[in-house]
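The next block is structure_20.cif, given as mmCIF, C-alpha atoms.
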data_entry
loop_
_atom_site.label_atom_id
_atom_site.label_comp_id
_atom_site.auth_asym_id
_atom_site.auth_seq_id
_atom_site.Cartn_x
_atom_site.Cartn_y
_atom_site.Cartn_z
CA MET Z 1 144.18 106.50 140.82
CA THR Z 2 144.97 108.33 137.58
CA ASP Z 3 145.35 106.53 134.27
CA ARG Z 4 149.05 107.30 134.13
CA ASN Z 5 149.72 105.92 137.63
CA TYR Z 6 147.79 102.77 136.77
CA ILE Z 7 149.90 102.31 133.65
CA LYS Z 8 153.18 102.84 135.50
CA ARG Z 9 152.26 100.29 138.18
CA TYR Z 10 151.14 97.75 135.59
CA ILE Z 11 154.36 98.08 133.60
CA ARG Z 12 156.49 97.79 136.74
CA LYS Z 13 154.76 94.50 137.52
CA ILE Z 14 155.66 93.19 134.08
CA VAL Z 15 159.32 94.19 133.83
CA GLY Z 16 160.32 94.92 137.41
CA PHE Z 17 161.70 91.44 138.05
CA PHE Z 18 164.16 91.60 135.12
CA PRO Z 19 167.79 92.67 135.73
CA GLY Z 20 167.99 96.38 134.98
CA GLY Z 21 164.21 96.62 135.33
CA SER Z 22 164.16 100.36 136.03
CA TRP Z 23 166.19 101.03 132.86
CA LEU Z 24 163.74 98.90 130.87
CA ILE Z 25 160.71 100.63 132.39
CA ALA Z 26 161.91 104.00 131.11
CA TRP Z 27 161.51 102.79 127.52
CA PHE Z 28 157.75 102.45 128.03
CA ASP Z 29 157.54 106.26 127.93
CA PRO Z 30 156.66 107.16 124.31
CA LEU Z 31 158.97 110.19 124.50
CA HIS Z 32 161.87 108.42 126.18
CA LEU Z 33 164.14 108.00 123.16
CA ALA Z 34 164.23 111.72 122.30
CA ARG Z 35 164.78 112.68 125.94
CA TYR Z 36 167.43 109.99 126.45
CA LEU Z 37 169.37 111.11 123.38
CA LEU Z 38 169.31 114.77 124.40
CA TYR Z 39 170.48 113.95 127.92
CA GLN Z 40 173.23 111.72 126.55
CA PHE Z 41 174.50 114.31 124.09
CA ILE Z 42 174.44 117.18 126.58
CA SER Z 43 176.17 115.01 129.17
CA GLU Z 44 178.97 114.19 126.71
CA ARG Z 45 179.48 117.91 126.07
CA ALA Z 46 179.16 119.14 129.66
CA HIS Z 47 182.94 119.67 129.80
CA TYR Z 48 182.49 122.79 127.65
CA ALA Z 49 180.57 124.49 130.48
CA ARG Z 50 182.41 126.50 133.12
CA GLY Z 51 182.13 129.46 135.45
CA LYS Z 52 178.87 131.39 135.39
CA MET Z 53 176.15 129.69 133.33
CA LEU Z 54 172.83 130.94 131.92
CA ASP Z 55 170.14 128.38 131.05
CA VAL Z 56 167.76 130.06 128.57
CA GLY Z 57 164.39 128.32 128.79
CA CYS Z 58 165.47 126.35 131.85
CA GLY Z 59 162.17 124.59 132.61
CA SER Z 60 162.74 122.33 135.61
CA LYS Z 61 166.56 122.52 135.13
CA PRO Z 62 166.93 118.81 134.24
CA TYR Z 63 170.60 119.16 133.19
CA ARG Z 64 171.90 121.24 136.07
CA ALA Z 65 173.69 118.35 137.81
CA LEU Z 66 175.75 117.58 134.68
CA PHE Z 67 177.84 120.76 134.83
CA GLU Z 68 180.48 120.15 137.47
CA ASN Z 69 182.67 123.10 136.42
CA VAL Z 70 179.86 125.65 136.74
CA ASN Z 71 179.96 127.68 139.95
CA LEU Z 72 176.83 129.78 139.35
CA TYR Z 73 173.78 128.48 137.46
CA VAL Z 74 171.07 130.98 136.46
CA GLY Z 75 167.82 129.66 135.02
CA LEU Z 76 165.73 131.97 132.83
CA ASP Z 77 162.20 131.25 131.61
CA ILE Z 78 158.69 132.64 131.29
CA PRO Z 79 156.74 133.53 134.48
CA SER Z 80 154.72 130.29 134.53
CA VAL Z 81 157.91 128.28 135.18
CA VAL Z 82 158.27 128.33 138.96
CA SER Z 83 161.82 126.91 139.02
CA ALA Z 84 163.30 129.82 137.02
CA ASP Z 85 165.59 132.30 138.78
CA VAL Z 86 164.85 135.09 136.29
CA TYR Z 87 161.71 135.71 134.26
CA ALA Z 88 162.31 137.19 130.82
CA ASP Z 89 162.01 136.74 127.07
CA GLY Z 90 165.09 135.04 125.62
CA GLN Z 91 165.07 137.55 122.78
CA PHE Z 92 165.81 140.35 125.29
CA LEU Z 93 168.10 139.02 128.02
CA PRO Z 94 168.13 141.28 131.11
CA PHE Z 95 171.89 141.05 131.69
CA CYS Z 96 174.91 143.22 131.02
CA ASP Z 97 177.30 142.48 128.17
CA GLU Z 98 179.77 139.64 128.80
CA SER Z 99 178.01 138.40 131.95
CA PHE Z 100 178.32 134.62 131.43
CA ASP Z 101 180.96 132.04 130.57
CA THR Z 102 178.42 129.51 129.26
CA VAL Z 103 174.91 129.59 127.86
CA LEU Z 104 172.67 126.53 127.61
CA CYS Z 105 169.63 126.71 125.32
CA ASN Z 106 167.84 123.37 125.15
CA GLN Z 107 164.82 122.86 122.83
CA VAL Z 108 163.92 126.55 122.88
CA LEU Z 109 164.98 128.04 119.54
CA GLU Z 110 162.05 126.53 117.65
CA HIS Z 111 159.66 128.51 119.89
CA VAL Z 112 161.32 131.89 119.33
CA PRO Z 113 159.74 134.14 116.65
CA GLU Z 114 163.06 135.92 115.97
CA PRO Z 115 165.81 133.31 116.40
CA ALA Z 116 168.53 135.60 115.05
CA GLN Z 117 167.69 138.08 117.82
CA LEU Z 118 168.07 135.40 120.49
CA MET Z 119 171.43 134.32 119.04
CA ARG Z 120 172.65 137.92 119.06
CA GLU Z 121 171.58 138.28 122.68
CA VAL Z 122 173.38 135.06 123.61
CA ALA Z 123 176.54 136.34 121.92
CA ARG Z 124 176.19 139.67 123.71
CA VAL Z 125 175.98 138.18 127.22
CA LEU Z 126 178.76 135.65 126.61
CA ARG Z 127 182.27 136.58 127.66
CA PRO Z 128 185.10 136.25 125.10
CA GLU Z 129 185.76 132.52 124.49
CA GLY Z 130 182.43 131.76 126.19
CA VAL Z 131 180.51 128.74 124.89
CA LEU Z 132 176.93 128.18 123.74
CA ILE Z 133 175.44 124.68 124.11
CA LEU Z 134 172.22 124.57 122.09
CA THR Z 135 169.82 121.83 121.02
CA THR Z 136 166.81 122.19 118.73
CA PRO Z 137 164.61 119.89 116.63
CA GLN Z 138 165.09 119.11 112.98
CA THR Z 139 162.19 116.64 112.80
CA TRP Z 140 159.35 116.88 115.30
CA GLY Z 141 155.60 117.39 115.44
CA LEU Z 142 153.86 120.58 116.47
CA HIS Z 143 154.01 121.23 120.21
CA LEU Z 144 153.37 124.11 122.62
CA GLU Z 145 151.09 125.57 119.99
CA PRO Z 146 150.75 128.26 118.80
CA TYR Z 147 154.33 129.04 119.86
CA ASP Z 148 156.05 126.58 117.55
CA PHE Z 149 157.68 128.36 114.62
CA TYR Z 150 160.71 126.60 113.11
CA ARG Z 151 162.79 123.44 112.56
CA TYR Z 152 166.56 123.62 112.00
CA THR Z 153 169.10 121.82 109.83
CA ARG Z 154 172.80 121.92 110.64
CA TYR Z 155 173.18 124.57 107.92
CA GLY Z 156 170.54 126.84 109.40
CA LEU Z 157 172.14 126.59 112.84
CA GLY Z 158 175.58 127.26 111.41
CA TYR Z 159 174.30 130.35 109.61
CA LEU Z 160 172.60 131.74 112.73
CA ALA Z 161 175.73 131.18 114.83
CA ASP Z 162 178.00 132.80 112.25
CA GLN Z 163 175.75 135.84 111.88
CA ALA Z 164 175.80 136.32 115.66
CA GLY Z 165 179.60 136.19 115.82
CA LEU Z 166 179.82 132.68 117.24
CA ALA Z 167 182.38 130.23 115.85
CA VAL Z 168 180.93 126.75 115.42
CA ILE Z 169 182.84 124.01 117.20
CA GLU Z 170 180.44 121.25 116.18
CA ILE Z 171 176.90 120.62 114.99
CA THR Z 172 175.92 117.01 115.60
CA PRO Z 173 172.70 115.05 114.96
CA THR Z 174 171.42 113.12 117.98
CA CYS Z 175 170.33 110.13 115.87
CA GLY Z 176 169.61 108.85 112.38
CA LEU Z 177 166.56 107.90 110.36
CA LEU Z 178 165.73 104.64 112.19
CA ALA Z 179 165.47 106.28 115.59
CA THR Z 180 163.70 109.30 114.11
CA LEU Z 181 160.98 107.19 112.49
CA ALA Z 182 160.43 105.07 115.61
CA GLN Z 183 160.24 108.07 117.95
CA ARG Z 184 157.90 110.03 115.71
CA LEU Z 185 155.58 107.04 115.34
CA ALA Z 186 155.52 106.36 119.09
CA ASP Z 187 154.86 109.92 120.22
CA THR Z 188 152.30 110.55 117.46
CA LEU Z 189 150.29 107.47 118.40
CA ALA Z 190 150.49 108.29 122.11
CA HIS Z 191 149.70 111.98 122.01
CA THR Z 192 147.49 112.33 118.93
CA TYR Z 193 145.31 109.24 118.95
CA THR Z 194 145.08 107.88 122.51
CA HIS Z 195 144.63 111.13 124.53
CA PHE Z 196 145.99 109.22 127.54
CA HIS Z 197 142.93 106.94 127.85
CA LYS Z 198 144.00 103.95 129.91
CA PRO Z 199 143.56 100.92 127.56
CA GLU Z 200 144.73 102.64 124.36
CA TYR Z 201 147.64 104.45 125.99
CA LEU Z 202 148.83 101.29 127.73
CA ALA Z 203 148.73 99.43 124.40
CA VAL Z 204 150.82 102.16 122.72
CA ARG Z 205 153.38 102.09 125.53
CA VAL Z 206 153.73 98.32 125.37
CA ILE Z 207 154.15 98.39 121.58
CA ALA Z 208 156.42 101.46 121.58
CA ALA Z 209 158.94 100.21 124.15
CA PRO Z 210 160.60 97.47 122.04
CA LEU Z 211 160.29 99.66 118.93
CA LEU Z 212 162.13 102.56 120.57
CA LEU Z 213 164.79 100.38 122.18
CA CYS Z 214 165.51 98.37 119.03
CA SER Z 215 165.66 101.49 116.87
CA TYR Z 216 168.10 103.08 119.32
CA LEU Z 217 170.38 100.02 119.27
CA LEU Z 218 170.24 99.74 115.47
CA ASP Z 219 170.92 103.46 115.16
CA ARG Z 220 174.03 103.04 117.29
CA ILE Z 221 175.23 100.29 114.95
CA VAL Z 222 174.62 101.99 111.58
CA GLY Z 223 175.31 105.54 112.72
CA PRO Z 224 173.29 108.79 112.42
CA ARG Z 225 172.41 108.51 108.73
CA GLY Z 226 169.51 110.30 107.13
CA ASP Z 227 167.11 112.50 109.06
CA THR Z 228 167.51 113.26 112.77
CA LEU Z 229 165.25 114.25 115.63
CA ASP Z 230 167.49 117.02 116.97
CA ASN Z 231 170.77 118.79 116.35
CA VAL Z 232 173.28 119.83 118.99
CA LEU Z 233 175.27 123.02 118.39
CA ILE Z 234 178.43 123.93 120.28
CA ALA Z 235 179.76 127.40 119.44
CA ARG Z 236 182.31 129.77 120.95
CA LYS Z 237 182.21 133.55 121.11
CA GLN Z 238 184.99 134.96 119.00
CA VAL Z 239 187.40 137.38 120.65
#
Would you mind writing the structure in this file as structure tokens?
Amino acid sequence: MTDRNYIKRYIRKIVGFFPGGSWLIAWFDPLHLARYLLYQFISERAHYARGKMLDVGCGSKPYRALFENVNLYVGLDIPSVVSADVYADGQFLPFCDESFDTVLCNQVLEHVPEPAQLMREVARVLRPEGVLILTTPQTWGLHLEPYDFYRYTRYGLGYLADQAGLAVIEITPTCGLLATLAQRLADTLAHTYTHFHKPEYLAVRVIAAPLLLCSYLLDRIVGPRGDTLDNVLIARKQV
């Protein structure tokens, strides 16, 4: 049995008998808060998506089921991602002009050497009035090295969108300082210092769960003040 499976079974024994046990178990993942917030924010903005949709950097397509008004979903990623429908570099999209009604780009822009080029390509393949749904980190540690180049404020995202001919509908932080600090502490401890060894990693998960959950609840009360983990951009192609 792997260390991770052992940890999951042990945690289920502890919290499985509580009401809403599966929901509680999810918080024992040191990355859960960031993932939960992204899913929540994309879900709340899924109504912008329609028609033919391109997912740039689709990964395992975790958000596909959210888009009820999309009738064709095309996932694009690098060749190592088996679930992609098309393999290509997001900076050079292999599609004709005005091919899509919606583009989703989730946690990809920070890994692109020339982000302005990607934004221009997104604008090119969007139809008039088409919408871009994009998320990217403002505060996060290095990951997928050495292909980790940038972090983005709302002002940087607004500038990139404007230069590409996309009108910003909203740029929204996913959380505030409390959630940001808790999530960064949890994932740093888990992925920098424990290296997934069973006793240390289990200890981090047990400590991180109440920290992440409490910070999320407090963040909901006080609002997204201060720094944020990620920003969500919604922009429309100008006619």
Query - Between CA of Asp55 in chain Z and CA of Asp101 in chain Z - distance in Å to one decimal - result: 11.4 Å
Report summary line: Pairwise distance, CA of Gln238 in chain Z with CA of Glu129 in chain Z, equals 6.1 Å
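This file, queried with the PyMOL selection byres ((chain Z and resi 27-39) around 6), gives the residues Leu24, Ile25, Ala26, Gln40, Phe41, Ile42, Ser43, Ala186, Asp187, Arg205 and Ala209 of chain Z.
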Expand the PyMOL selection byres ((chain Z and resi 219-235) around 9) into the explicit residue set it covers here, and present it as an mmCIF file with C-alpha atoms, keeping the file's coordinate frame.
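Output saved as expr.cif:
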data_model
loop_
_atom_site.group_PDB
_atom_site.id
_atom_site.type_symbol
_atom_site.label_atom_id
_atom_site.label_comp_id
_atom_site.auth_asym_id
_atom_site.auth_seq_id
_atom_site.Cartn_x
_atom_site.Cartn_y
_atom_site.Cartn_z
ATOM 1 C CA ALA Z 34 164.230 111.720 122.300
ATOM 2 C CA LEU Z 37 169.370 111.110 123.380
ATOM 3 C CA LEU Z 38 169.310 114.770 124.400
ATOM 4 C CA PHE Z 41 174.500 114.310 124.090
ATOM 5 C CA ILE Z 42 174.440 117.180 126.580
ATOM 6 C CA ARG Z 45 179.480 117.910 126.070
ATOM 7 C CA TYR Z 48 182.490 122.790 127.650
ATOM 8 C CA ASN Z 106 167.840 123.370 125.150
ATOM 9 C CA GLN Z 107 164.820 122.860 122.830
ATOM 10 C CA GLY Z 130 182.430 131.760 126.190
ATOM 11 C CA VAL Z 131 180.510 128.740 124.890
ATOM 12 C CA LEU Z 132 176.930 128.180 123.740
ATOM 13 C CA ILE Z 133 175.440 124.680 124.110
ATOM 14 C CA LEU Z 134 172.220 124.570 122.090
ATOM 15 C CA THR Z 135 169.820 121.830 121.020
ATOM 16 C CA THR Z 136 166.810 122.190 118.730
ATOM 17 C CA PRO Z 137 164.610 119.890 116.630
ATOM 18 C CA GLN Z 138 165.090 119.110 112.980
ATOM 19 C CA THR Z 139 162.190 116.640 112.800
ATOM 20 C CA TRP Z 140 159.350 116.880 115.300
ATOM 21 C CA TYR Z 152 166.560 123.620 112.000
ATOM 22 C CA THR Z 153 169.100 121.820 109.830
ATOM 23 C CA ARG Z 154 172.800 121.920 110.640
ATOM 24 C CA LEU Z 157 172.140 126.590 112.840
ATOM 25 C CA GLY Z 158 175.580 127.260 111.410
ATOM 26 C CA ALA Z 161 175.730 131.180 114.830
ATOM 27 C CA LEU Z 166 179.820 132.680 117.240
ATOM 28 C CA ALA Z 167 182.380 130.230 115.850
ATOM 29 C CA VAL Z 168 180.930 126.750 115.420
ATOM 30 C CA ILE Z 169 182.840 124.010 117.200
ATOM 31 C CA GLU Z 170 180.440 121.250 116.180
ATOM 32 C CA ILE Z 171 176.900 120.620 114.990
ATOM 33 C CA THR Z 172 175.920 117.010 115.600
ATOM 34 C CA PRO Z 173 172.700 115.050 114.960
ATOM 35 C CA THR Z 174 171.420 113.120 117.980
ATOM 36 C CA CYS Z 175 170.330 110.130 115.870
ATOM 37 C CA GLY Z 176 169.610 108.850 112.380
ATOM 38 C CA LEU Z 177 166.560 107.900 110.360
ATOM 39 C CA LEU Z 178 165.730 104.640 112.190
ATOM 40 C CA ALA Z 179 165.470 106.280 115.590
ATOM 41 C CA THR Z 180 163.700 109.300 114.110
ATOM 42 C CA LEU Z 181 160.980 107.190 112.490
ATOM 43 C CA GLN Z 183 160.240 108.070 117.950
ATOM 44 C CA ARG Z 184 157.900 110.030 115.710
ATOM 45 C CA CYS Z 214 165.510 98.370 119.030
ATOM 46 C CA SER Z 215 165.660 101.490 116.870
ATOM 47 C CA TYR Z 216 168.100 103.080 119.320
ATOM 48 C CA LEU Z 217 170.380 100.020 119.270
ATOM 49 C CA LEU Z 218 170.240 99.740 115.470
ATOM 50 C CA ARG Z 236 182.310 129.770 120.950
ATOM 51 C CA LYS Z 237 182.210 133.550 121.110
#
Report task. Measure the distance from CA of Leu76 in chain Z to CA of Gly59 in chain Z in Å and round it to one decimal. Result ->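 One can read the CA of Leu76 in chain Z to CA of Gly59 in chain Z distance as 8.2 Å.
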**Report entry** Selected residue of minimal separation from Ala88 in chain Z among Z:Cys58, Z:Leu211, Z:Leu144, Z:Leu126, counting only C-alpha atoms
**Finding:**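 The answer is Z:Cys58, which sits nearest to Ala88 in chain Z.
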Requested in this report: Any chance you could resolve the PyMOL selection byres ((chain Z and resi 54) around 6) against this file and give the residues as an NGL selection string?
Outcome: :Z and (53 or 55 or 74 or 103)
Residue subset to file, keeping C-alpha atoms, as a compact mmCIF listing (two decimals), in the coordinates of the input:
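File written: again_28.txt
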# COMPACT_ATOMS: atom_id res chain seq x y z
CA MET Z 53 176.15 129.69 133.33
CA ASP Z 55 170.14 128.38 131.05
CA VAL Z 74 171.07 130.98 136.46
CA VAL Z 103 174.91 129.59 127.86
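When all atoms listed in the file are used to measure the gap to Leu185 in chain Z, the shortest distance among Z:Gly141, Z:Pro79, Z:Pro146, Z:Gly90 belongs to Z:Gly141.
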**Report entry** Selected residue of minimal separation from Leu104 in chain Z among Z:Lys52, Z:His191, Z:Arg124, Z:His143, counting all atoms listed in the file
**Finding:**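 Going through Z:Lys52, Z:His191, Z:Arg124, Z:His143 one by one, the smallest distance to Leu104 in chain Z is for Z:Lys52.
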Requested in this report: Choose the residue, out of Z:Ala203, Z:Leu160, Z:Val122, Z:Ala208, that has the smallest atom-to-atom separation from Cys96 in chain Z; count only C-alpha atoms.
Outcome: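 So, comparing all the options, the nearest one is Z:Val122.
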Query raised in the report: For Ser60 in chain Z, which of Z:Cys105, Z:Val82, Z:Val239, Z:Ala116 is the closest residue, counting only C-alpha atoms?
Result: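 Ranked by minimum distance to Ser60 in chain Z, first place goes to Z:Val82.
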